[in-house]
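Input: a single structure, listed below in structure tokens.
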Amino acid sequence: MVSPINNFDETRPEFKGFNSFYIKTLLPFLETKERERITRVAKAKKTGAILGVLGLAVSVFAFTRAGIVGVILAAISIIAGFATPHIMLSKLKGETKQFLMENICGFLGWTFQTKDFENPELGIWQDNKLLPRYDRVSFEDQMQGASHGADFSFCEAKLETRHTDKDGKTEWRTTFAGIILHIDFHMKFLGRTVVLRDAGIFNRKKKAGMKRVGLVDPKFEKLFEAYGTDQVEARYLLTPTFMQRLVDLENMVGGKKIRFGFMDGKLYIALEAPNQFEAGSMFKPLIETERTEKILGEIGSILDIIDGVIKPLKKRNYT
């Protein structure tokens with residue numbers, strides 16, 4: 001297999017030397033796993049086809065005997081045939097993700113844990129309307145590190161509420177599933193600034209002890225509703241460039257309804273989004289660099305957010 005050279009953009013200082021790192025560290029693992037992937041895919045497709053055919057045969061027989069039952073069994077057999085290959089490849093997918101994320105984060109001087117990490121405290125998120133109420137919460141895929149003197153912690157969260165009907169049956173409903181990102185700039189803000197999605201006629205002049213703040217760019221004024229305790233600082237923080245970087249982050253991760261707040265020298269971001277930093281399809285060669293490029297792009301969006309706040313704050317000599 002031919003080793004790729006200079007496939008990765010090293011424009012960012014943090015990514016300098018990544019091409020060599022990829023060839024020396026990531027590629028040997030991916031080449032080994034690629035051989036394993038080819039074998040597993042062939043076996044998974046064969047197994048899925050066999051299960052599908054057998055299930056369909058049983059369904060046809062059942063249809064001649066029980067009518068609609070056969071149709072239901074036929075649908076189940078088709079679904080099983082398609083699902084089986086993905087299930088059989090899930091372990092390989094998990095191993096690939098774990099290796100890529102641990103090593104890419106290690107290259108950057110960061111850490112990555114899929115589970116068993118200290119859970120973030122969500123009280124401040126809820127107090128500032130960034131997250132809804134919940135009765136239970138779960139976390140996964142935590143990434144921690146530092147950039148430009150700021151420390152950050154990123155993880156995925158799922159918030160759920162309990163609902164009980166008149167018969168006593170309980171069900172859990174998801175109120176939030178996505179990303180929560182916490183950045184500590186080690187600087188002192190003069191006030192508190194929170195930006196939520198525009199709620200149209202439901203927007204308020206005040207929220208959680210803050211007054212509305214007008215945004216400079218009308219494009220963002222249509223998307224967001226800003227509130228702050230210090231109007232001057234809020235306008236200084238919420239520059240069009242910074243706001244665009246948040247929208248870019250939302251687009252990069254396939255998310256929606258990003259909202260955020262500056263409090264006590266920290267930036268809190270909540271973003272509804274599907275699982276991040278995934279290994280991609282196991283039906284595509286592992287040595288294709290697109291999956292690694294996508295991870296770097298998602299990481300780059302986080303770096304853009306930090307950079308977009310740090311530079312203007314340093315110009316104003318925040319400490």
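In the structure tokens, the first chain shown is A, the next is B, and so on; residue numbers restart at 1 for each chain, and ligands run from 1 in the order shown.
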Output as a Markdown table one row per residue of segment 126-224 of chain A within 12 Å of segment 8-17 of chain A: the closest atom pair and its distance in Å to one decimal place, counting only C-alpha atoms, sorted by chain and residue number ascending.
| residue | atom | partner | partner_atom | distance |
| --- | --- | --- | --- | --- |
| A:Gly145 | CA | A:Glu14 | CA | 11.8 |
| A:Ala146 | CA | A:Glu14 | CA | 10.7 |
| A:Ser147 | CA | A:Glu14 | CA | 8.6 |
| A:His148 | CA | A:Glu14 | CA | 10.2 |
Selection export as a tab-separated table (two decimals), in the first residue's frame, atoms kept: C-alpha atoms:
chain	number	residue	atom	x	y	z
A	145	GLY	CA	-6.78	20.05	26.15
A	146	ALA	CA	-5.39	23.56	25.90
A	147	SER	CA	-4.89	26.08	23.11
A	148	HIS	CA	-3.70	29.70	23.14
Within 10 Å of segment 101-118 of chain A: each segment 129-173 of chain A residue with its shortest pair, only C-alpha atoms, as CSV:
residue,atom,partner,partner_atom,distance
A:Ser138,CA,A:Lys115,CA,9.8
A:Phe139,CA,A:Lys115,CA,7.4
A:Glu140,CA,A:Lys115,CA,5.3
A:Asp141,CA,A:Thr114,CA,4.0
A:Gln142,CA,A:Gln113,CA,5.2
A:Met143,CA,A:Phe112,CA,4.5
A:Gln144,CA,A:Thr111,CA,5.4
A:Gly145,CA,A:Trp110,CA,4.4
A:Ala146,CA,A:Trp110,CA,7.2
A:Ser147,CA,A:Leu108,CA,9.4
A:Phe152,CA,A:Trp110,CA,9.8
A:Ser153,CA,A:Thr111,CA,9.7
A:Phe154,CA,A:Phe112,CA,9.5
A:Cys155,CA,A:Thr114,CA,9.0
A:Glu156,CA,A:Thr114,CA,9.7
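Taking only C-alpha atoms into account, Glu278 of chain A lies nearest to A:Lys93 out of the set A:Lys93, A:Lys46, A:Arg235, A:Lys222.
Among the candidates A:Glu225, A:Asp184, A:Glu121, A:Asp167, the residue lying nearest to Val309 of chain A is A:Asp184 (atoms considered: only C-alpha atoms).
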For this session: From a DSSP calculation on the backbone, collect every residue of segment 139-311 of chain A in alpha helix (DSSP H) and output the set as number ranges by chain.
Result: A: 218-223, 231-237, 240-252, 290-311
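Of the listed residues A:Val253, A:Met187, A:Ile305, A:Leu131, the one whose atoms come nearest to Leu159 of chain A is A:Leu131, with distances taken using only C-alpha atoms.
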May I have the residues within 12 Å of Leu26 of chain A as an mmCIF file with N, CA and C atoms, in the first residue's frame, using only C-alpha atoms and disregarding those fewer than 4 positions away in the same chain?
data_model
loop_
_atom_site.group_PDB
_atom_site.id
_atom_site.type_symbol
_atom_site.label_atom_id
_atom_site.label_comp_id
_atom_site.auth_asym_id
_atom_site.auth_seq_id
_atom_site.Cartn_x
_atom_site.Cartn_y
_atom_site.Cartn_z
ATOM 1 N N SER A 3 1.952 4.950 0.867
ATOM 2 C CA SER A 3 1.727 5.887 1.961
ATOM 3 C C SER A 3 1.393 7.269 1.400
ATOM 4 N N PRO A 4 0.335 7.911 1.897
ATOM 5 C CA PRO A 4 -0.003 9.255 1.436
ATOM 6 C C PRO A 4 1.007 10.258 1.978
ATOM 7 N N PHE A 18 1.845 16.897 11.125
ATOM 8 C CA PHE A 18 0.848 15.831 11.196
ATOM 9 C C PHE A 18 1.015 14.807 10.075
ATOM 10 N N ASN A 19 1.443 15.234 8.895
ATOM 11 C CA ASN A 19 1.622 14.279 7.798
ATOM 12 C C ASN A 19 2.626 13.189 8.165
ATOM 13 N N SER A 20 3.736 13.593 8.756
ATOM 14 C CA SER A 20 4.742 12.604 9.177
ATOM 15 C C SER A 20 4.195 11.714 10.271
ATOM 16 N N PHE A 21 3.450 12.314 11.202
ATOM 17 C CA PHE A 21 2.838 11.551 12.288
ATOM 18 C C PHE A 21 1.857 10.518 11.733
ATOM 19 N N TYR A 22 1.075 10.920 10.746
ATOM 20 C CA TYR A 22 0.102 10.009 10.150
ATOM 21 C C TYR A 22 0.810 8.799 9.529
ATOM 22 N N LEU A 30 -3.857 1.483 10.449
ATOM 23 C CA LEU A 30 -4.956 1.464 9.495
ATOM 24 C C LEU A 30 -4.736 0.417 8.408
ATOM 25 N N GLU A 31 -3.491 0.222 8.014
ATOM 26 C CA GLU A 31 -3.192 -0.807 7.006
ATOM 27 C C GLU A 31 -3.488 -2.200 7.551
ATOM 28 N N THR A 32 -3.118 -2.425 8.804
ATOM 29 C CA THR A 32 -3.408 -3.721 9.435
ATOM 30 C C THR A 32 -4.912 -3.931 9.564
ATOM 31 N N LYS A 33 -5.606 -2.906 10.022
ATOM 32 C CA LYS A 33 -7.050 -2.996 10.192
ATOM 33 C C LYS A 33 -7.772 -3.068 8.843
ATOM 34 N N THR A 96 -11.297 1.382 15.654
ATOM 35 C CA THR A 96 -10.691 2.388 14.774
ATOM 36 C C THR A 96 -10.876 3.790 15.338
ATOM 37 N N LYS A 97 -12.089 4.085 15.796
ATOM 38 C CA LYS A 97 -12.352 5.399 16.391
ATOM 39 C C LYS A 97 -11.465 5.629 17.608
ATOM 40 N N GLN A 98 -11.389 4.650 18.493
ATOM 41 C CA GLN A 98 -10.604 4.788 19.719
ATOM 42 C C GLN A 98 -9.143 5.069 19.394
ATOM 43 N N PHE A 99 -8.596 4.303 18.456
ATOM 44 C CA PHE A 99 -7.188 4.489 18.110
ATOM 45 C C PHE A 99 -6.943 5.865 17.492
ATOM 46 N N LEU A 100 -7.776 6.254 16.537
ATOM 47 C CA LEU A 100 -7.581 7.542 15.874
ATOM 48 C C LEU A 100 -7.698 8.699 16.857
ATOM 49 N N MET A 101 -8.740 8.696 17.677
ATOM 50 C CA MET A 101 -8.958 9.812 18.581
ATOM 51 C C MET A 101 -7.884 9.890 19.663
ATOM 52 N N GLU A 102 -7.520 8.767 20.253
ATOM 53 C CA GLU A 102 -6.483 8.784 21.287
ATOM 54 C C GLU A 102 -5.161 9.296 20.725
ATOM 55 N N ASN A 103 -4.810 8.866 19.521
ATOM 56 C CA ASN A 103 -3.514 9.242 18.960
ATOM 57 C C ASN A 103 -3.499 10.648 18.374
ATOM 58 N N ILE A 104 -4.594 11.061 17.750
ATOM 59 C CA ILE A 104 -4.658 12.432 17.248
ATOM 60 C C ILE A 104 -4.640 13.417 18.409
ATOM 61 N N GLY A 106 -3.378 12.782 21.342
ATOM 62 C CA GLY A 106 -2.031 12.694 21.892
ATOM 63 C C GLY A 106 -1.058 13.548 21.113
ATOM 64 N N PHE A 107 -1.178 13.555 19.791
ATOM 65 C CA PHE A 107 -0.332 14.398 18.934
ATOM 66 C C PHE A 107 -0.470 15.873 19.305
ATOM 67 N N LEU A 286 -10.113 1.830 5.042
ATOM 68 C CA LEU A 286 -9.652 2.585 6.211
ATOM 69 C C LEU A 286 -8.487 3.502 5.885
ATOM 70 N N ILE A 287 -7.748 3.173 4.833
ATOM 71 C CA ILE A 287 -6.572 3.992 4.499
ATOM 72 C C ILE A 287 -6.941 5.229 3.683
ATOM 73 N N GLU A 288 -8.229 5.386 3.335
ATOM 74 C CA GLU A 288 -8.653 6.637 2.722
ATOM 75 C C GLU A 288 -8.555 7.737 3.777
ATOM 76 N N THR A 289 -7.957 8.841 3.418
ATOM 77 C CA THR A 289 -7.655 9.872 4.417
ATOM 78 C C THR A 289 -8.854 10.740 4.789
ATOM 79 N N ARG A 291 -11.582 10.154 6.397
ATOM 80 C CA ARG A 291 -12.078 10.016 7.776
ATOM 81 C C ARG A 291 -11.189 10.785 8.754
ATOM 82 N N THR A 292 -9.874 10.748 8.529
ATOM 83 C CA THR A 292 -8.962 11.497 9.394
ATOM 84 C C THR A 292 -9.094 12.992 9.145
#
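The nearest approach to Leu249 of chain A among the residues A:Leu303, A:Val213, A:Met263, A:Phe283, with only C-alpha atoms taken into account, belongs to A:Leu303.
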